[in-house]
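Novice: My file is structure.txt. It has compact mmCIF, C-alpha atoms and all ligand atoms:
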# COMPACT_ATOMS: atom_id res chain seq x y z
CA MET A 346 91.48 128.23 125.23
CA LEU A 347 91.82 131.18 122.89
CA ALA A 348 93.33 133.25 125.71
CA ARG A 349 96.18 130.75 126.06
CA ASP A 350 96.81 129.66 122.46
CA ASP A 351 99.71 132.12 121.94
CA LEU A 352 97.88 133.46 118.88
CA HIS A 353 95.24 135.72 120.41
CA ASP A 354 95.91 138.70 122.66
CA PRO A 355 94.66 137.58 126.08
CA ASN A 356 94.12 141.22 127.09
CA ASN A 357 91.76 141.94 124.22
CA LEU A 358 88.34 142.53 125.78
CA ALA A 359 86.56 141.33 122.62
CA LEU A 360 88.06 137.86 122.97
CA SER A 361 84.99 136.58 124.83
CA LEU A 362 82.89 137.28 121.73
CA LEU A 363 84.69 134.50 119.84
CA GLN A 364 83.55 130.91 120.15
CA GLU A 365 86.04 128.58 121.85
CA PRO A 366 87.31 125.89 119.38
CA ALA A 367 86.57 123.14 121.93
CA GLU A 368 82.92 124.22 121.99
CA ALA A 369 82.67 124.35 118.19
CA LEU A 370 84.32 120.92 117.77
CA ALA A 371 82.35 119.20 120.56
CA VAL A 372 79.38 118.54 118.23
CA LEU A 373 81.51 116.52 115.76
CA ALA A 374 82.31 112.76 115.77
CA PRO A 375 84.59 112.29 118.80
CA ALA A 376 88.17 110.96 118.84
CA GLN A 377 90.28 110.08 121.88
CA GLU A 378 93.21 112.39 121.19
CA GLY A 379 94.57 115.17 119.02
CA ASN A 380 91.86 117.81 118.62
CA PHE A 381 89.31 115.19 119.73
CA VAL A 382 87.51 115.03 116.37
CA ASP A 383 87.38 111.95 114.11
CA TRP A 384 87.52 113.99 110.91
CA ALA A 385 87.10 111.02 108.56
CA ALA A 386 83.90 110.02 110.41
CA ALA A 387 82.66 113.62 110.47
CA LEU A 388 83.05 113.79 106.70
CA ARG A 389 81.44 110.36 106.11
CA SER A 390 78.37 111.19 108.20
CA GLY A 391 77.92 114.58 106.51
CA GLU A 392 78.52 116.54 109.74
CA ILE A 393 80.96 118.59 107.69
CA SER A 394 81.06 119.08 103.93
CA PRO A 395 84.15 121.08 103.07
CA ARG A 396 84.52 122.63 99.63
CA THR A 397 86.47 120.17 97.46
CA ASN A 398 88.09 122.68 95.13
CA VAL A 399 88.87 126.37 94.87
CA TYR A 400 89.25 126.39 91.09
CA PRO A 401 86.40 124.86 89.05
CA GLU A 402 88.85 123.10 86.72
CA THR A 403 90.45 121.11 89.58
CA LYS A 404 89.74 117.43 89.01
CA ILE A 405 88.65 115.49 92.13
CA ARG A 406 89.82 111.88 92.13
CA VAL A 407 88.51 109.58 94.87
CA LEU A 408 90.06 106.11 94.85
CA ASP A 409 88.43 103.21 96.72
CA LEU A 410 91.47 100.96 97.17
CA ASP A 411 92.80 99.47 100.41
CA VAL A 412 96.43 98.37 100.71
CA LEU A 413 97.37 95.90 103.45
CA MET A 414 100.83 96.45 104.94
CA THR A 415 101.91 93.26 106.68
CA ASP A 416 105.46 94.03 107.87
CA THR A 417 104.23 94.87 111.36
CA ALA A 418 106.00 92.34 113.64
CA ALA A 419 103.59 91.30 116.42
CA MET A 420 101.23 94.24 115.80
CA PRO A 421 98.01 93.86 113.79
CA VAL A 422 98.44 94.49 110.07
CA VAL A 423 98.06 98.06 108.73
CA ARG A 424 95.18 98.72 106.35
CA PHE A 425 95.91 101.85 104.33
CA PRO A 426 92.60 103.08 102.90
CA HIS A 427 92.79 105.30 99.80
CA ARG A 428 89.16 106.42 99.98
CA PRO A 429 89.29 108.60 103.14
CA HIS A 430 92.67 109.98 102.06
CA THR A 431 91.57 110.96 98.57
CA GLU A 432 88.48 112.62 100.03
CA TRP A 433 90.89 115.14 101.58
CA LEU A 434 93.97 114.96 99.36
CA ASP A 435 95.10 114.71 95.75
CA CYS A 436 97.16 111.74 94.51
CA SER A 437 100.09 114.12 94.01
CA ASN A 438 100.21 114.90 97.74
CA CYS A 439 101.60 111.37 98.23
CA HIS A 440 102.69 109.98 94.84
CA ASP A 441 105.52 109.67 94.23
CA LYS A 442 107.12 112.11 96.68
CA ILE A 443 106.16 110.27 99.89
CA PHE A 444 105.17 106.84 98.54
CA VAL A 445 105.91 105.01 95.30
CA ALA A 446 102.48 103.88 93.99
CA LYS A 447 103.17 100.16 94.29
CA GLY A 448 102.16 97.83 97.13
CA GLY A 449 105.15 96.91 99.33
CA ALA A 450 107.56 99.13 97.38
CA ASN A 451 108.28 101.57 100.22
CA PRO A 452 110.82 100.88 103.02
CA ILE A 453 108.42 102.03 105.76
CA THR A 454 109.24 101.36 109.41
CA MET A 455 107.59 102.61 112.58
CA PHE A 456 110.87 104.30 113.53
CA LYS A 457 110.82 106.37 110.32
CA ILE A 458 107.14 107.21 110.81
CA LEU A 459 107.85 108.45 114.33
CA GLN A 460 110.65 110.60 112.88
CA GLY A 461 108.15 112.27 110.54
CA ASP A 462 108.64 110.25 107.36
CA PHE A 463 105.99 108.38 105.32
CA CYS A 464 102.65 108.32 107.25
CA GLY A 465 104.37 110.54 109.85
CA GLN A 466 104.51 113.46 107.40
CA CYS A 467 100.82 113.99 108.25
CA HIS A 468 99.88 111.75 111.17
CA GLY A 469 101.01 113.39 114.39
CA ALA A 470 101.12 116.72 112.51
CA VAL A 471 97.84 117.54 110.73
CA SER A 472 96.01 114.21 111.02
CA PHE A 473 95.31 111.88 113.94
CA PRO A 474 98.29 111.25 116.26
CA LEU A 475 100.69 108.30 116.15
CA THR A 476 99.66 107.20 119.63
CA GLN A 477 96.42 105.90 118.07
CA CYS A 478 98.11 102.62 117.06
CA ARG A 479 94.90 100.71 116.35
CA ARG A 480 93.52 103.17 113.83
CA CYS A 481 96.35 102.12 111.47
CA HIS A 482 97.13 98.65 112.85
CA SER A 483 93.49 97.66 112.41
CA VAL A 484 93.48 94.16 110.89
CA PRO A 485 94.24 91.10 113.09
CA ARG A 486 97.10 89.09 111.59
CA ASP A 487 95.06 85.90 111.09
CA GLN A 488 92.37 87.84 109.20
CA ALA A 489 94.90 89.67 107.04
CA LEU A 490 96.06 86.38 105.57
CA ARG A 491 92.50 85.66 104.41
CA VAL A 492 91.28 89.13 103.37
CA GLU A 493 92.30 90.06 99.83
CA PRO A 494 93.16 93.73 99.30
CA GLN A 495 90.29 95.21 97.27
C1 LIG B 1 97.81 109.81 101.80
C2 LIG B 1 98.72 109.32 100.79
C3 LIG B 1 98.17 108.76 99.50
C4 LIG B 1 97.33 109.37 98.59
C5 LIG B 1 96.69 110.75 98.67
C6 LIG B 1 97.18 108.45 97.49
N1 LIG B 1 97.91 107.31 97.73
FE1 LIG B 1 98.14 105.71 96.48
N2 LIG B 1 99.24 104.72 97.90
C7 LIG B 1 99.57 105.23 99.13
C8 LIG B 1 100.24 104.20 99.91
C9 LIG B 1 100.74 104.34 101.34
C10 LIG B 1 100.29 103.05 99.10
C11 LIG B 1 100.91 101.70 99.46
C12 LIG B 1 102.39 101.72 99.24
C13 LIG B 1 103.09 100.51 99.81
O1 LIG B 1 102.45 99.47 100.02
O2 LIG B 1 104.31 100.61 100.06
C14 LIG B 1 99.67 103.42 97.82
C15 LIG B 1 99.57 102.58 96.72
C16 LIG B 1 98.99 102.93 95.51
C17 LIG B 1 98.92 102.07 94.36
C18 LIG B 1 99.47 100.64 94.26
C19 LIG B 1 98.46 99.65 94.78
C20 LIG B 1 98.98 98.25 94.80
O3 LIG B 1 98.30 97.39 95.39
O4 LIG B 1 100.07 97.97 94.28
C21 LIG B 1 98.28 102.76 93.35
C22 LIG B 1 97.96 102.29 91.94
C23 LIG B 1 97.94 104.07 93.91
N3 LIG B 1 98.39 104.14 95.23
C24 LIG B 1 97.27 105.06 93.21
C25 LIG B 1 96.80 106.24 93.77
C26 LIG B 1 95.95 107.19 93.08
C27 LIG B 1 95.46 107.07 91.63
C28 LIG B 1 95.69 108.20 93.97
C29 LIG B 1 94.76 109.40 93.81
C30 LIG B 1 93.40 109.09 93.35
C31 LIG B 1 96.39 107.88 95.21
N4 LIG B 1 97.04 106.69 95.06
C32 LIG B 1 96.41 108.68 96.35
C33 LIG B 1 99.33 106.53 99.57
C34 LIG B 1 98.52 107.46 98.95
C1 LIG B 2 99.58 106.43 110.84
C2 LIG B 2 99.58 105.00 110.87
C3 LIG B 2 100.29 104.26 111.98
C4 LIG B 2 100.15 104.46 113.34
C5 LIG B 2 99.27 105.45 114.07
C6 LIG B 2 101.01 103.47 113.98
N1 LIG B 2 101.64 102.72 113.02
FE1 LIG B 2 102.99 101.21 113.39
N2 LIG B 2 103.28 100.98 111.36
C7 LIG B 2 102.61 101.69 110.38
C8 LIG B 2 103.10 101.26 109.08
C9 LIG B 2 102.62 101.79 107.74
C10 LIG B 2 104.10 100.28 109.32
C11 LIG B 2 104.94 99.54 108.25
C12 LIG B 2 104.14 98.38 107.70
C13 LIG B 2 104.78 97.74 106.51
O1 LIG B 2 105.78 98.26 106.00
O2 LIG B 2 104.27 96.68 106.05
C14 LIG B 2 104.18 100.13 110.78
C15 LIG B 2 105.04 99.22 111.42
C16 LIG B 2 105.01 98.97 112.79
C17 LIG B 2 105.78 97.91 113.44
C18 LIG B 2 106.70 96.91 112.75
C19 LIG B 2 108.14 97.10 113.12
C20 LIG B 2 108.69 98.43 112.68
O3 LIG B 2 109.45 99.01 113.47
O4 LIG B 2 108.40 98.92 111.60
C21 LIG B 2 105.49 97.97 114.77
C22 LIG B 2 106.02 97.08 115.91
C23 LIG B 2 104.54 99.08 114.96
N3 LIG B 2 104.29 99.66 113.73
C24 LIG B 2 104.02 99.47 116.17
C25 LIG B 2 103.18 100.57 116.36
C26 LIG B 2 102.72 101.05 117.67
C27 LIG B 2 103.05 100.39 119.01
C28 LIG B 2 101.94 102.15 117.42
C29 LIG B 2 101.27 103.08 118.44
C30 LIG B 2 102.16 103.65 119.45
C31 LIG B 2 101.89 102.36 115.98
N4 LIG B 2 102.66 101.38 115.38
C32 LIG B 2 101.17 103.36 115.36
C33 LIG B 2 101.63 102.64 110.58
C34 LIG B 2 101.22 103.16 111.80
C1 LIG B 3 99.61 113.58 103.02
C2 LIG B 3 99.06 113.34 104.34
C3 LIG B 3 98.84 111.92 104.84
C4 LIG B 3 99.70 110.84 104.78
C5 LIG B 3 101.10 110.81 104.19
C6 LIG B 3 99.01 109.73 105.39
N1 LIG B 3 97.78 110.14 105.85
FE1 LIG B 3 96.36 108.97 106.79
N2 LIG B 3 95.08 110.56 106.86
C7 LIG B 3 95.36 111.82 106.39
C8 LIG B 3 94.19 112.68 106.58
C9 LIG B 3 94.10 114.17 106.22
C10 LIG B 3 93.20 111.87 107.16
C11 LIG B 3 91.77 112.28 107.54
C12 LIG B 3 91.78 113.15 108.77
C13 LIG B 3 92.14 112.40 110.02
O1 LIG B 3 91.58 111.31 110.26
O2 LIG B 3 93.00 112.88 110.79
C14 LIG B 3 93.78 110.53 107.32
C15 LIG B 3 93.10 109.45 107.85
C16 LIG B 3 93.65 108.18 108.00
C17 LIG B 3 92.94 107.03 108.52
C18 LIG B 3 91.51 107.04 109.06
C19 LIG B 3 90.55 106.57 108.02
C20 LIG B 3 89.15 106.45 108.54
O3 LIG B 3 88.28 106.16 107.72
O4 LIG B 3 88.92 106.63 109.75
C21 LIG B 3 93.83 105.98 108.52
C22 LIG B 3 93.54 104.56 108.97
C23 LIG B 3 95.08 106.46 107.99
N3 LIG B 3 94.94 107.80 107.68
C24 LIG B 3 96.23 105.70 107.83
C25 LIG B 3 97.41 106.13 107.21
C26 LIG B 3 98.58 105.29 106.99
C27 LIG B 3 98.70 103.85 107.43
C28 LIG B 3 99.50 106.06 106.34
C29 LIG B 3 100.87 105.66 105.83
C30 LIG B 3 100.95 104.41 105.08
C31 LIG B 3 98.90 107.39 106.15
N4 LIG B 3 97.64 107.38 106.70
C32 LIG B 3 99.52 108.46 105.52
C33 LIG B 3 96.54 112.26 105.84
C34 LIG B 3 97.64 111.47 105.54
Written as structure tokens, that's how I'd like the structure from this file.
Specialist:
Amino acid sequence: MLARDDLHDPNNLALSLLQEPAEALAVLAPAQEGNFVDWAAALRSGEISPRTNVYPETKIRVLDLDVLMTDTAAMPVVRFPHRPHTEWLDCSNCHDKIFVAKGGANPITMFKILQGDFCGQCHGAVSFPLTQCRRCHSVPRDQALRVEPQ
């Protein structure tokens, strides 16, 4: 509700002229939590097509490379997909400040993620929340041993 978002003046009579975010977002691919939009799906299906660059000389690099992260105890293995990330972000947003660009080279734990490190720099902040375990832990352990990372 705009009237209760602590950004808009609830006493401003013109507030009712603005569209409520929930109404605007309701037409997009649904998610269970966060702001209730699956943004990666919305982009894939063409529901949204955000501008990729402000400056014409900016080079867009989309990388189609999945990395399997198998140090997940009893949880399903994590499949980190580069494609949907590089459709929103530049390599330099992650490499090498957050992650060294080498499979298995980062000492990632769930505890550190929950404290806001690694994946937790974005997930739970600007991208889908950490309570959505299965969106990251998406590959059953027995399959992960067979599937080769692309
Ligand atoms: C959202 C963060 C993020 C972005 C953006 C990103 N990467 Fe990565 N990258 C990762 C993670 C996470 C890994 C896996 C690290 C690990 O296994 O510890 C990785 C691994 C890699 C690897 C090693 C793969 C392997 O199997 O050893 C390469 C090469 C790489 N990235 C290149 C790139 C390039 C090129 C771009 C831009 C086109 C890019 N990355 C964008 C997070 C990112
Ligand atoms: C944003 C992605 C993401 C989400 C969401 C997520 N995890 Fe993880 N999780 C990871 C990554 C990455 C690792 C480290 C994998 C590796 O290093 O091979 C991990 C590791 C783990 C581990 C292994 C032990 C440890 O402490 O590191 C457990 C258990 C785990 N997660 C449980 C969960 C549970 C339960 C949830 C939901 C409440 C969850 N995870 C949500 C990405 C995620
Ligand atoms: C620099 C920011 C950033 C980091 C770091 C990051 N992500 Fe993401 N991630 C995003 C954004 C932005 C999206 C797309 C919007 C959304 O789904 O919330 C996304 C989407 C995803 C998706 C959904 C892909 C789809 O097609 O539905 C998965 C899975 C995912 N991230 C896993 C991870 C894992 C695992 C890590 C850590 C190894 C990680 N992310 C680190 C920003 C990040």
Novice: Quick check, in Å to one decimal: how far apart do atom CA of Arg349 of chain A and atom CA of Ala470 of chain A lie?
Specialist: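 Separation between atom CA of Arg349 of chain A and atom CA of Ala470 of chain A: 20.1 Å.
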Novice: Edge lengths and centre, in Å to one decimal, as AutoDock Vina command-line options: that's what I need for the box along x, y and z that holds all listed atoms of ligand LIG 3 (chain B) plus 3 Å on each side.
Specialist:
--center_x 94.7 --center_y 109.0 --center_z 106.9 --size_x 18.8 --size_y 16.3 --size_z 13.8
Novice: To one decimal place, how far is atom CA of Leu388 of chain A from atom C26 of ligand LIG 1 (chain B) in Å?
Specialist: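 Those two atoms sit 19.9 Å apart.
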Novice: Set the cut-off to 6 Å, count only C-alpha atoms and all ligand atoms, and list whatever residues fall near ligand LIG 3 (chain B) as a list in words.
Specialist: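 If we count only C-alpha atoms and all ligand atoms, the neighbours of ligand LIG 3 (chain B) turn out to be Asp383, Trp384, Ala385, Val423, Phe425, Pro429, His430, Trp433, Asn438, Cys439, Phe463, Cys464, Gln466, Cys467, His468, Ser472, Phe473, Arg480 and Cys481 of chain A.
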Novice: Give as a ChimeraX atom specification the residues surrounding ligand LIG 1 (chain B) up to a distance of 12 Å, considering only C-alpha atoms and all ligand atoms.
Specialist: /A:404-416,422-454,458,462-468,471-472,481,493-495
Novice: Please measure the separation of atom CA of Ala367 of chain A and atom C7 of ligand LIG 2 (chain B), giving the value in Å to one decimal.
Specialist: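 According to the coordinates, atom CA of Ala367 of chain A and atom C7 of ligand LIG 2 (chain B) are separated by 29.2 Å.
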Novice: Hey, which of A:Val484, A:Met420, A:Ala489, A:Val382 ends up closest to ligand LIG 2 (chain B)? Count all atoms listed in the file.
Specialist: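 That would be A:Met420, the residue with the smallest distance to ligand LIG 2 (chain B).
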Novice: Using all atoms listed in the file, which of A:Arg396, A:His482, A:His353, A:Arg389 sits nearest ligand LIG 2 (chain B)?
Specialist: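 The answer is A:His482, which sits nearest to ligand LIG 2 (chain B).
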Novice: Report as number ranges by chain all protein, DNA and RNA residues lying within 9 Å of Ala348 of chain A, evaluated on all atoms listed in the file, omitting residues in the same chain fewer than 6 positions from it.
Specialist: A: 354-357, 360
Novice: So which one's closest to ligand LIG 2 (chain B), A:Glu392, A:Glu378, A:Glu368, A:Asp351? Using all atoms listed in the file, please.
Specialist: A:Glu378
Novice: Hey, which of A:Thr476, A:Gln488, A:Ser394, A:Ser483 ends up closest to ligand LIG 2 (chain B)? Count only C-alpha atoms and all ligand atoms.
Specialist: A:Thr476
